[in-house]
Structure formats: structure tokens, C-alpha cells
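A.B. asks: I have a structure here, written as C-alpha cells, and I will follow up with some questions on it.
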Amino acid sequence: MDDIRFKIAEAARMAGVSPSTLRLWETQELIEPIRTQSGQRLYDRALVERLKTIAWLRSERGLNPAAIRQSLRDEDAADEAGFPEGEADGGSEPAEMPVGLKIRRLRRDAGKTLEAVAQATGVSVSQLSTFERTSQGLSFTALHGVAAFLGTTLASLSGQEQGQGGESLIRDGKWPTWPTTTSGVKVQVLAEGRNQMECNRFQLAPGASSEGAYQHEGEEFIHVLSGSLEIILDGDRFFELHAGDSFYFESRRPHSWHNSFDGETVLLWINTPATF
């Protein structure tokens, strides 16, 4: 068990506030530090994460102490409630559950701390903590890495794999859309269910990108419906795709991409097997 304890100055620095602010939060009943026999305040990793949450609620959402206390109580209640019946044993989660909450529950179910996930994926603890609360703040590549580390895929997190597959009819313009977690990237589902192929329609705003390279098992096919896409394989092979172009490659090769068009780019993107 992690028994590391931080003094108030260290905890304040990690939370991005001053020690006097931590003392104030204590009087406001937002945090209760560990006390030594001599009365010294100490903070374990869980308390430091709570401090970061309080700081975020205060600075980003502008909540007052009463609203922060309520938000913390709601979060604690959600954690204590656990998975709905059938989900903790490996059943599927409801598609409408926020992606950040899915990540948190997968992480805790796996017995992993934020620090462990951060060390394994290269994503900072603060980014992970923010994403678990808000479902925002991770790049496409970072989210892919976190999902892979926790034994899942972006398609599964999006709810795309709900159902058994086999047949899927989606009418024009009625495509289910993945929860938006990355600015400028909209992923629409073209075939629902647990299929061998993940068939998606990508809409990329100008400048949208993967923000880094990622890789996984399988093979991929891209067809550009409109706009332009630059895709980079192995870090040094550059391909510029335009409307009407198609591209095929092995997913295990590190790949990154960005919209190189001055407007929206729309792609047909297929992965097989379902490892994306």
C-alpha cells in the first residue's frame, strides 16, 4: 500500500496553491489532513488528488466553498455506489455514462492509482484527474494510450460495441457520435455492435490532429471523402491524402495524423480487428 505522506508545503505545491490556502480549505471543511501526534498536517496521495479537485472546481468552475463541498459529496457518493448491478463483473457500461467516469471506474477496478497510469502512459496526473472529472483534456493519442493500458478501446468506451453485432443498419445522417473528448475531432459510427471491423466517419476541423503517434494491433483503411489529411507512419514517412484518395496500413506501425486542409476534412476510417 502507498504510505507516502507529504508536508503541507509539498502538498500545496502539488495542488498549485499556497499553504495558507490549504489551511483555509480545512476551516471551510473541504479537506481534513492527516495529523501527527504533534499536530503536524500531512497529506497522502488521495488527499493530494482531492486538493487538485478542489483547486479545479474553484478556478475552472468558479464554485464557492458550499458548492465545492456538495460536488465532493456527490463524487464520493458515486464512488461508493460502484457499478450498477452486472457491470462490476465485466458487463457493458451504459453508453450515456461520461467517458471520464468510465476511465475512473476501470482504473479503480484494476487497482491502479493515477500515478501508476500516468507513469505507464506518459500523461500527467493532473490531466488524468481532470479528464476523469470532466471527460475533457486528453488528446486523441493520450486517450488511446490510457484506454489500452486499462484493457479497453476507444470504440468500447464510446458505446460503439453495444450489442452483439452481425447486422447494423444506420441511415444517412443518423450516425451515432462518440462523446467529444478532443477538440475538433468528431467520430461518427457507421456500424454498431461487436464486429470484426470498426467502421467510422471522422469529421476533422481545420488543424485538428491526433496530437502524437499511437499504435495497436490490426490493419486500417482510410478513404478521404472531402478535404485533405496528412498521415505519418513510423515517424518519418509522410503521406498527403486528398479527396478521393485511399490509404491502407498496418496498425502496429506508429501513426499520427492531422487535417492539412483549410476547412473541414471528412474521412471513412475502418479498423480491423476491433482494437481501436
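Ordered as shown in the C-alpha cells, chains take letters A, B, and onward, while each chain numbers its residues from 1 and ligands are numbered from 1 in the order shown.
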DSSP on the backbone: what in segment 172-208 of chain A comes out strand (DSSP E), as a list of chain:residue names?
C.D. replies: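 Residues meeting the strand (DSSP E) criterion: A:Val185, A:Lys186, A:Val187, A:Gln188, A:Val189, A:Glu198, A:Cys199, A:Asn200, A:Arg201, A:Phe202, A:Gln203, A:Leu204.
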A.B. asks: Export, as an mmCIF file, in the first residue's frame, the selected residues with all heavy atoms.
C.D. replies:
data_model
loop_
_atom_site.group_PDB
_atom_site.id
_atom_site.type_symbol
_atom_site.label_atom_id
_atom_site.label_comp_id
_atom_site.auth_asym_id
_atom_site.auth_seq_id
_atom_site.Cartn_x
_atom_site.Cartn_y
_atom_site.Cartn_z
ATOM 1 N N VAL A 185 -12.354 17.002 -33.254
ATOM 2 C CA VAL A 185 -12.441 15.644 -33.779
ATOM 3 C C VAL A 185 -13.809 15.060 -33.442
ATOM 4 O O VAL A 185 -14.149 14.874 -32.276
ATOM 5 C CB VAL A 185 -11.345 14.733 -33.191
ATOM 6 C CG1 VAL A 185 -11.470 13.310 -33.753
ATOM 7 C CG2 VAL A 185 -9.954 15.299 -33.494
ATOM 8 N N LYS A 186 -14.600 14.788 -34.475
ATOM 9 C CA LYS A 186 -15.908 14.158 -34.285
ATOM 10 C C LYS A 186 -15.872 12.798 -34.961
ATOM 11 O O LYS A 186 -15.543 12.686 -36.148
ATOM 12 C CB LYS A 186 -17.029 15.015 -34.884
ATOM 13 C CG LYS A 186 -18.418 14.380 -34.758
ATOM 14 C CD LYS A 186 -19.495 15.242 -35.423
ATOM 15 C CE LYS A 186 -19.754 16.498 -34.629
ATOM 16 N NZ LYS A 186 -20.918 17.258 -35.169
ATOM 17 N N VAL A 187 -16.206 11.750 -34.205
ATOM 18 C CA VAL A 187 -16.200 10.393 -34.737
ATOM 19 C C VAL A 187 -17.630 9.869 -34.742
ATOM 20 O O VAL A 187 -18.285 9.805 -33.704
ATOM 21 C CB VAL A 187 -15.307 9.457 -33.890
ATOM 22 C CG1 VAL A 187 -15.294 8.055 -34.491
ATOM 23 C CG2 VAL A 187 -13.885 10.012 -33.806
ATOM 24 N N GLN A 188 -18.104 9.506 -35.931
ATOM 25 C CA GLN A 188 -19.471 9.002 -36.101
ATOM 26 C C GLN A 188 -19.422 7.526 -36.479
ATOM 27 O O GLN A 188 -18.598 7.103 -37.284
ATOM 28 C CB GLN A 188 -20.193 9.820 -37.177
ATOM 29 C CG GLN A 188 -20.327 11.285 -36.774
ATOM 30 C CD GLN A 188 -20.629 12.188 -37.949
ATOM 31 O OE1 GLN A 188 -20.108 11.998 -39.041
ATOM 32 N NE2 GLN A 188 -21.473 13.185 -37.728
ATOM 33 N N VAL A 189 -20.293 6.749 -35.870
ATOM 34 C CA VAL A 189 -20.282 5.297 -36.022
ATOM 35 C C VAL A 189 -21.085 4.877 -37.245
ATOM 36 O O VAL A 189 -22.247 5.276 -37.407
ATOM 37 C CB VAL A 189 -20.860 4.627 -34.759
ATOM 38 C CG1 VAL A 189 -20.908 3.113 -34.917
ATOM 39 C CG2 VAL A 189 -20.025 5.015 -33.532
ATOM 40 N N GLU A 198 -14.232 -2.012 -37.228
ATOM 41 C CA GLU A 198 -14.740 -0.768 -36.654
ATOM 42 C C GLU A 198 -14.836 0.237 -37.797
ATOM 43 O O GLU A 198 -13.816 0.649 -38.363
ATOM 44 C CB GLU A 198 -13.811 -0.259 -35.558
ATOM 45 C CG GLU A 198 -13.837 -1.146 -34.313
ATOM 46 C CD GLU A 198 -12.762 -0.784 -33.315
ATOM 47 O OE1 GLU A 198 -11.901 0.066 -33.646
ATOM 48 O OE2 GLU A 198 -12.766 -1.376 -32.235
ATOM 49 N N CYS A 199 -16.039 0.603 -38.145
ATOM 50 C CA CYS A 199 -16.280 1.475 -39.288
ATOM 51 C C CYS A 199 -16.765 2.825 -38.790
ATOM 52 O O CYS A 199 -17.846 2.927 -38.202
ATOM 53 C CB CYS A 199 -17.314 0.850 -40.220
ATOM 54 S SG CYS A 199 -16.920 -0.837 -40.742
ATOM 55 N N ASN A 200 -15.978 3.858 -39.048
ATOM 56 C CA ASN A 200 -16.304 5.183 -38.540
ATOM 57 C C ASN A 200 -16.176 6.251 -39.612
ATOM 58 O O ASN A 200 -15.483 6.074 -40.615
ATOM 59 C CB ASN A 200 -15.385 5.544 -37.369
ATOM 60 C CG ASN A 200 -15.558 4.611 -36.188
ATOM 61 O OD1 ASN A 200 -16.665 4.419 -35.694
ATOM 62 N ND2 ASN A 200 -14.473 4.017 -35.729
ATOM 63 N N ARG A 201 -16.849 7.343 -39.358
ATOM 64 C CA ARG A 201 -16.763 8.541 -40.191
ATOM 65 C C ARG A 201 -16.131 9.632 -39.329
ATOM 66 O O ARG A 201 -16.666 9.979 -38.284
ATOM 67 C CB ARG A 201 -18.156 8.953 -40.659
ATOM 68 C CG ARG A 201 -18.221 10.161 -41.588
ATOM 69 C CD ARG A 201 -19.684 10.416 -41.965
ATOM 70 N NE ARG A 201 -19.835 11.441 -42.982
ATOM 71 C CZ ARG A 201 -20.028 12.737 -42.728
ATOM 72 N NH1 ARG A 201 -20.085 13.154 -41.463
ATOM 73 N NH2 ARG A 201 -20.171 13.597 -43.703
ATOM 74 N N PHE A 202 -14.986 10.131 -39.738
ATOM 75 C CA PHE A 202 -14.286 11.176 -38.994
ATOM 76 C C PHE A 202 -14.577 12.534 -39.625
ATOM 77 O O PHE A 202 -14.450 12.696 -40.842
ATOM 78 C CB PHE A 202 -12.779 10.942 -39.022
ATOM 79 C CG PHE A 202 -12.268 9.987 -37.974
ATOM 80 C CD1 PHE A 202 -12.737 8.680 -37.918
ATOM 81 C CD2 PHE A 202 -11.309 10.389 -37.059
ATOM 82 C CE1 PHE A 202 -12.263 7.796 -36.959
ATOM 83 C CE2 PHE A 202 -10.824 9.512 -36.100
ATOM 84 C CZ PHE A 202 -11.303 8.216 -36.048
ATOM 85 N N GLN A 203 -14.943 13.506 -38.803
ATOM 86 C CA GLN A 203 -15.033 14.899 -39.222
ATOM 87 C C GLN A 203 -13.973 15.677 -38.454
ATOM 88 O O GLN A 203 -14.015 15.737 -37.221
ATOM 89 C CB GLN A 203 -16.416 15.476 -38.919
ATOM 90 C CG GLN A 203 -17.515 14.980 -39.837
ATOM 91 C CD GLN A 203 -18.845 15.658 -39.558
ATOM 92 O OE1 GLN A 203 -19.894 15.030 -39.611
ATOM 93 N NE2 GLN A 203 -18.813 16.944 -39.264
ATOM 94 N N LEU A 204 -13.028 16.250 -39.179
ATOM 95 C CA LEU A 204 -11.906 16.945 -38.558
ATOM 96 C C LEU A 204 -11.973 18.432 -38.864
ATOM 97 O O LEU A 204 -11.988 18.840 -40.033
ATOM 98 C CB LEU A 204 -10.579 16.377 -39.066
ATOM 99 C CG LEU A 204 -10.382 14.855 -38.928
ATOM 100 C CD1 LEU A 204 -9.039 14.453 -39.514
ATOM 101 C CD2 LEU A 204 -10.496 14.427 -37.475
#
A.B. asks: Can you tell me which residues surround Leu128 of chain A at a distance of at most 12 Å, considering only C-alpha atoms, apart from same-chain residues fewer than 2 positions away, and format the answer as an MDAnalysis selection string?
C.D. replies: chainID A and resid 49 52:53 99:101 103:104 107 113:119 121:126 130:139 142:143 145:147
A.B. asks: May I have the residues from that selection written out with N, CA and C atoms, as an mmCIF file, in the first residue's frame?
C.D. replies:
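The resulting file, selection-v6.cif, is reproduced below:
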data_model
loop_
_atom_site.group_PDB
_atom_site.id
_atom_site.type_symbol
_atom_site.label_atom_id
_atom_site.label_comp_id
_atom_site.auth_asym_id
_atom_site.auth_seq_id
_atom_site.Cartn_x
_atom_site.Cartn_y
_atom_site.Cartn_z
ATOM 1 N N GLU A 49 -4.826 14.393 -4.451
ATOM 2 C CA GLU A 49 -5.747 14.394 -5.587
ATOM 3 C C GLU A 49 -7.018 15.171 -5.254
ATOM 4 N N LYS A 52 -6.303 18.795 -5.597
ATOM 5 C CA LYS A 52 -6.304 19.203 -7.008
ATOM 6 C C LYS A 52 -7.732 19.369 -7.527
ATOM 7 N N THR A 53 -8.612 18.486 -7.077
ATOM 8 C CA THR A 53 -10.019 18.597 -7.467
ATOM 9 C C THR A 53 -10.626 19.891 -6.942
ATOM 10 N N VAL A 99 -17.346 9.465 -20.417
ATOM 11 C CA VAL A 99 -16.143 8.687 -20.676
ATOM 12 C C VAL A 99 -15.160 8.808 -19.518
ATOM 13 N N GLY A 100 -15.052 10.001 -18.948
ATOM 14 C CA GLY A 100 -14.141 10.186 -17.824
ATOM 15 C C GLY A 100 -14.488 9.293 -16.655
ATOM 16 N N LEU A 101 -15.783 9.149 -16.365
ATOM 17 C CA LEU A 101 -16.205 8.274 -15.273
ATOM 18 C C LEU A 101 -15.920 6.818 -15.606
ATOM 19 N N ILE A 103 -13.413 5.762 -17.396
ATOM 20 C CA ILE A 103 -11.973 5.597 -17.189
ATOM 21 C C ILE A 103 -11.669 5.467 -15.705
ATOM 22 N N ARG A 104 -12.281 6.311 -14.879
ATOM 23 C CA ARG A 104 -12.029 6.244 -13.447
ATOM 24 C C ARG A 104 -12.422 4.880 -12.881
ATOM 25 N N ARG A 107 -10.033 2.205 -13.968
ATOM 26 C CA ARG A 107 -8.766 2.348 -13.243
ATOM 27 C C ARG A 107 -8.887 1.801 -11.818
ATOM 28 N N THR A 113 -3.516 3.407 -9.328
ATOM 29 C CA THR A 113 -3.566 4.797 -8.921
ATOM 30 C C THR A 113 -3.406 5.705 -10.138
ATOM 31 N N LEU A 114 -3.739 6.970 -9.967
ATOM 32 C CA LEU A 114 -3.497 7.934 -11.044
ATOM 33 C C LEU A 114 -2.014 7.971 -11.398
ATOM 34 N N GLU A 115 -1.166 7.876 -10.382
ATOM 35 C CA GLU A 115 0.277 7.913 -10.619
ATOM 36 C C GLU A 115 0.731 6.731 -11.467
ATOM 37 N N ALA A 116 0.152 5.552 -11.215
ATOM 38 C CA ALA A 116 0.540 4.367 -11.974
ATOM 39 C C ALA A 116 0.151 4.507 -13.437
ATOM 40 N N VAL A 117 -1.050 5.011 -13.694
ATOM 41 C CA VAL A 117 -1.491 5.206 -15.076
ATOM 42 C C VAL A 117 -0.642 6.276 -15.753
ATOM 43 N N ALA A 118 -0.363 7.352 -15.021
ATOM 44 C CA ALA A 118 0.450 8.432 -15.580
ATOM 45 C C ALA A 118 1.837 7.936 -15.965
ATOM 46 N N GLN A 119 2.467 7.152 -15.080
ATOM 47 C CA GLN A 119 3.807 6.642 -15.361
ATOM 48 C C GLN A 119 3.815 5.714 -16.574
ATOM 49 N N THR A 121 1.649 5.694 -19.156
ATOM 50 C CA THR A 121 1.159 6.276 -20.401
ATOM 51 C C THR A 121 1.828 7.591 -20.783
ATOM 52 N N GLY A 122 2.538 8.209 -19.844
ATOM 53 C CA GLY A 122 3.164 9.495 -20.146
ATOM 54 C C GLY A 122 2.222 10.675 -20.037
ATOM 55 N N VAL A 123 1.000 10.442 -19.560
ATOM 56 C CA VAL A 123 0.033 11.520 -19.343
ATOM 57 C C VAL A 123 0.174 11.995 -17.903
ATOM 58 N N SER A 124 0.125 13.293 -17.674
ATOM 59 C CA SER A 124 0.326 13.797 -16.322
ATOM 60 C C SER A 124 -0.841 13.438 -15.410
ATOM 61 N N VAL A 125 -0.559 13.369 -14.114
ATOM 62 C CA VAL A 125 -1.597 13.061 -13.134
ATOM 63 C C VAL A 125 -2.705 14.098 -13.178
ATOM 64 N N SER A 126 -2.342 15.373 -13.308
ATOM 65 C CA SER A 126 -3.360 16.423 -13.329
ATOM 66 C C SER A 126 -4.272 16.301 -14.551
ATOM 67 N N THR A 130 -8.244 15.573 -14.233
ATOM 68 C CA THR A 130 -9.212 16.464 -14.874
ATOM 69 C C THR A 130 -10.101 15.691 -15.840
ATOM 70 N N PHE A 131 -9.504 14.770 -16.612
ATOM 71 C CA PHE A 131 -10.291 14.012 -17.580
ATOM 72 C C PHE A 131 -11.319 13.130 -16.887
ATOM 73 N N GLU A 132 -10.936 12.502 -15.782
ATOM 74 C CA GLU A 132 -11.890 11.650 -15.076
ATOM 75 C C GLU A 132 -13.086 12.444 -14.568
ATOM 76 N N ARG A 133 -12.867 13.723 -14.229
ATOM 77 C CA ARG A 133 -13.967 14.552 -13.734
ATOM 78 C C ARG A 133 -14.794 15.158 -14.848
ATOM 79 N N THR A 134 -14.126 15.527 -15.968
ATOM 80 C CA THR A 134 -14.795 16.344 -16.980
ATOM 81 C C THR A 134 -14.918 15.687 -18.350
ATOM 82 N N SER A 135 -14.242 14.556 -18.573
ATOM 83 C CA SER A 135 -14.183 13.902 -19.892
ATOM 84 C C SER A 135 -13.542 14.805 -20.947
ATOM 85 N N GLN A 136 -12.734 15.760 -20.512
ATOM 86 C CA GLN A 136 -12.031 16.667 -21.413
ATOM 87 C C GLN A 136 -10.573 16.758 -20.996
ATOM 88 N N GLY A 137 -9.720 17.169 -21.934
ATOM 89 C CA GLY A 137 -8.347 17.485 -21.581
ATOM 90 C C GLY A 137 -7.303 16.481 -22.022
ATOM 91 N N LEU A 138 -7.722 15.366 -22.659
ATOM 92 C CA LEU A 138 -6.751 14.416 -23.191
ATOM 93 C C LEU A 138 -6.790 14.443 -24.712
ATOM 94 N N SER A 139 -5.634 14.419 -25.322
ATOM 95 C CA SER A 139 -5.582 14.337 -26.780
ATOM 96 C C SER A 139 -6.074 12.979 -27.234
ATOM 97 N N ALA A 142 -3.397 10.447 -26.406
ATOM 98 C CA ALA A 142 -3.282 10.168 -24.972
ATOM 99 C C ALA A 142 -4.432 9.297 -24.492
ATOM 100 N N LEU A 143 -5.647 9.596 -24.951
ATOM 101 C CA LEU A 143 -6.804 8.800 -24.533
ATOM 102 C C LEU A 143 -6.676 7.362 -25.045
ATOM 103 N N GLY A 145 -3.906 5.741 -25.475
ATOM 104 C CA GLY A 145 -2.927 5.078 -24.635
ATOM 105 C C GLY A 145 -3.485 4.691 -23.274
ATOM 106 N N VAL A 146 -4.278 5.572 -22.681
ATOM 107 C CA VAL A 146 -4.883 5.276 -21.382
ATOM 108 C C VAL A 146 -5.858 4.108 -21.515
ATOM 109 N N ALA A 147 -6.671 4.143 -22.574
ATOM 110 C CA ALA A 147 -7.635 3.060 -22.787
ATOM 111 C C ALA A 147 -6.918 1.725 -22.950
#
A.B. asks: Kindly give the distance, in Å, that separates atom CA of Ala213 of chain A and atom CA of Gly235 of chain A, rounded to a single decimal.
C.D. replies: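 Spanning atom CA of Ala213 of chain A to atom CA of Gly235 of chain A is a straight-line distance of 7.9 Å.
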A.B. asks: Looking at A:Phe149, A:Tyr214, A:Pro98, A:Gln37, which one is nearest to Trp178 of chain A, with distances taken over only C-alpha atoms?
C.D. replies: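 Under the stated criterion, the closest residue is A:Pro98.
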A.B. asks: For Ile232 of chain A, find every residue with an atom within 7 Å (counting only C-alpha atoms), except residues of its own chain fewer than 6 positions away, and show them as a list in words.
C.D. replies: Phe238, Phe239, His255, Ser256 and Trp257 of chain A
